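These notes are about the structure you will find just below.
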Amino acid sequence: MLLRLISILTIVTVVACAPEPIRETPVPIELGAPMPIEPPPTPAPARKESNVEMVRLEPGEKPPQFVLFSFDGVGLSPNWDLFLDTAARVDARFSALMTGLYFLTDENRHHYQGPGRAPGEAAIGFGGTEDGLRTQIEYLNRTWLDGHEMGTHYVGHFCAGSGYHGDRWTVDDWDLELAEFYSLIRDWKANNGIQDAPDLLFGPDEVRGGRTQCLEGRLDQLIPAWHRHGMTWDSSMPADEPGLYWPRTVDGIWEFAIPFVYSPALGRRQTALDYNFWVTFNGARDEPHSAPHARRVVKETYDYMYQRAYHGNRAPLVIANHFNDWNGNSFNPATADFMAEVCDDPDTVCATHSDVVEWLELQDPDVVAHLQALPAVAVDDGY
């Protein structure tokens, strides 16, 4: 009897100590109402891939015919649209050489100080209004996404005749100018008090080469500054011999010289850069009525360069240009026509400088040495 009583008490105790079941209050659901769905994240825009096939040449195999288009300054202009649209049609790439001044509005020009200069001093204009700067950033992002290369045209554009200029600059001066350029890219929002604009889609580390203002500067002063900023190529030096030949390295920097070639339309040798064509043509005077003739001269010269290289040593063609509407826009239509015609040709690749550098460094050194030893072409009217 006692054991039975103890068992009953134990059961009562256990039951009394058991926790109350949790009762959830039902949440009423409106019939037919859609369940909330989180929107998927917006994917980051993808950049177009390189158009250079990174493969080694077999012994005796012909290299591609590279064409290297580059544009100094890349300021706002309808010609920017012209080349972006033309390049997209023929799968071309080019190198956009940015001027650092265009990352500052006029009222914020004091954020730049060039070598031996006062804050806000420059030889050409700054970026204008805030709306203009925002548009500039949009175009730079579009250019980047289209697979083109971003390079430097430095900042203050101080050339001979503007005081202390590039041919007199020291290593430290070039180092300062490049440091200013990189900081203007990195800090463009803070420098201009802009918070709500889209970010620049690339950073200073993407800039691996460029062209100095007015082709100025001494290599012994430039190269140490280039190394300090991790640069690998340059296209500032006028060619040291006539004709088209393969690029060479100078103290580890690939130099894509501005060509000095024969021009059938001029009957003489010519530095193949749009401004130099203009000087040769009419002394760089603004004569828009002469634009059709100037375009023919430029286009025929480029055609000659291409044919001599393609059927000869296959040396890369350096086509150096600006977006400026000089002399009634004499030069951009001719360059765009040339791009449209040759970039679709077999074995022809209109590429960026950095991609060609990567391709060259992939090759067997003996193959590169052989290419560099080939005779120059487009030296005169017969070769």
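Going through the structure tokens in order, the chains are called A, B, and so on, while each chain numbers its residues from 1 and the ligands are numbered from 1 in the order shown.
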
DSSP-assigned strand (DSSP E or B) among range 15-243 of chain A, expressed as a PyMOL selection string: chain A and resi 65-73+94-98+149-152+209-210+233-234+238+243

Can I get the selected residues back with C-alpha atoms, as a tab-separated table (two decimals), in the first residue's frame?
```tsv
chain	number	residue	atom	x	y	z
A	65	GLN	CA	49.22	42.75	-87.39
A	66	PHE	CA	48.63	44.85	-84.28
A	67	VAL	CA	47.23	48.37	-84.62
A	68	LEU	CA	47.47	50.57	-81.53
A	69	PHE	CA	45.01	53.46	-81.51
A	70	SER	CA	45.41	55.97	-78.69
A	71	PHE	CA	43.75	59.28	-77.89
A	72	ASP	CA	45.41	62.03	-75.86
A	73	GLY	CA	43.26	63.78	-73.27
A	94	PHE	CA	42.12	51.54	-78.00
A	95	SER	CA	44.05	53.31	-75.24
A	96	ALA	CA	42.32	56.33	-73.67
A	97	LEU	CA	45.04	58.60	-72.29
A	98	MET	CA	43.39	60.68	-69.59
A	149	GLU	CA	42.69	50.73	-71.80
A	150	MET	CA	42.97	53.69	-69.46
A	151	GLY	CA	46.33	55.48	-69.65
A	152	THR	CA	47.74	58.84	-68.68
A	209	GLY	CA	51.42	53.71	-69.42
A	210	GLY	CA	50.71	56.85	-71.38
A	233	TRP	CA	54.93	50.99	-71.31
A	234	ASP	CA	55.19	54.43	-72.88
A	238	PRO	CA	59.50	60.23	-81.45
A	243	GLY	CA	59.83	53.60	-90.76
```

Polymer residues at most 10 Å from Ser50 in chain A, only C-alpha atoms, same-chain spacing of 3 or more positions, as a ChimeraX atom specification: /A:47,53-54,91-93,146-149,351-352,355

Thr99 in chain A surroundings by only C-alpha atoms, 9 Å radius, close-in-sequence under 3 positions cut, as a PyMOL selection string: chain A and resi 72-75+102-103+152-157+181

Contacts of Leu215 in chain A at 12 Å (only C-alpha atoms; same-chain gap of 5+ positions) as an MDAnalysis selection string: chainID A and resid 72 153:154 157:160 165:167 210 222 234:239 257:258 271 273 275:276 320

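Closest approach to Arg142 in chain A among A:Phe202, A:Trp246, A:Phe338, A:Phe331 is made by A:Phe202 (distances from only C-alpha atoms).
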
Atom pair CA of Val357 in chain A / CA of Ile223 in chain A: separation (Å): 16.7 Å

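Among the candidate residues A:Asp199, A:Asp364, A:Asp131, A:Asp380, the one lying nearest to Tyr262 in chain A is A:Asp380, with distances computed using only C-alpha atoms.
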
Contacts of range 185-198 of chain A at 8 Å (only C-alpha atoms; same-chain gap of 5+ positions) as a PyMOL selection string: chain A and resi 100+103-105+108+111+130+134+203-204

Contacts of Val171 in chain A at 6 Å (only C-alpha atoms; same-chain gap of 3+ positions) as a ChimeraX atom specification: /A:174,221,225

Those selected residues, please, written with C-alpha atoms and delivered as a PDB file, in the first residue's frame.
```pdb
ATOM      1  CA  TRP A 174      57.746  63.625 -63.058  1.00  0.00           C
ATOM      2  CA  GLN A 221      64.381  61.444 -65.909  1.00  0.00           C
ATOM      3  CA  ALA A 225      59.426  57.936 -62.166  1.00  0.00           C
TER       4      ALA A 225
END
```

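Shortest separation to Gln113 in chain A among A:Ala291, A:Leu178, A:Ala284, A:Leu133 occurs at residue A:Leu178, atoms counted being only C-alpha atoms.
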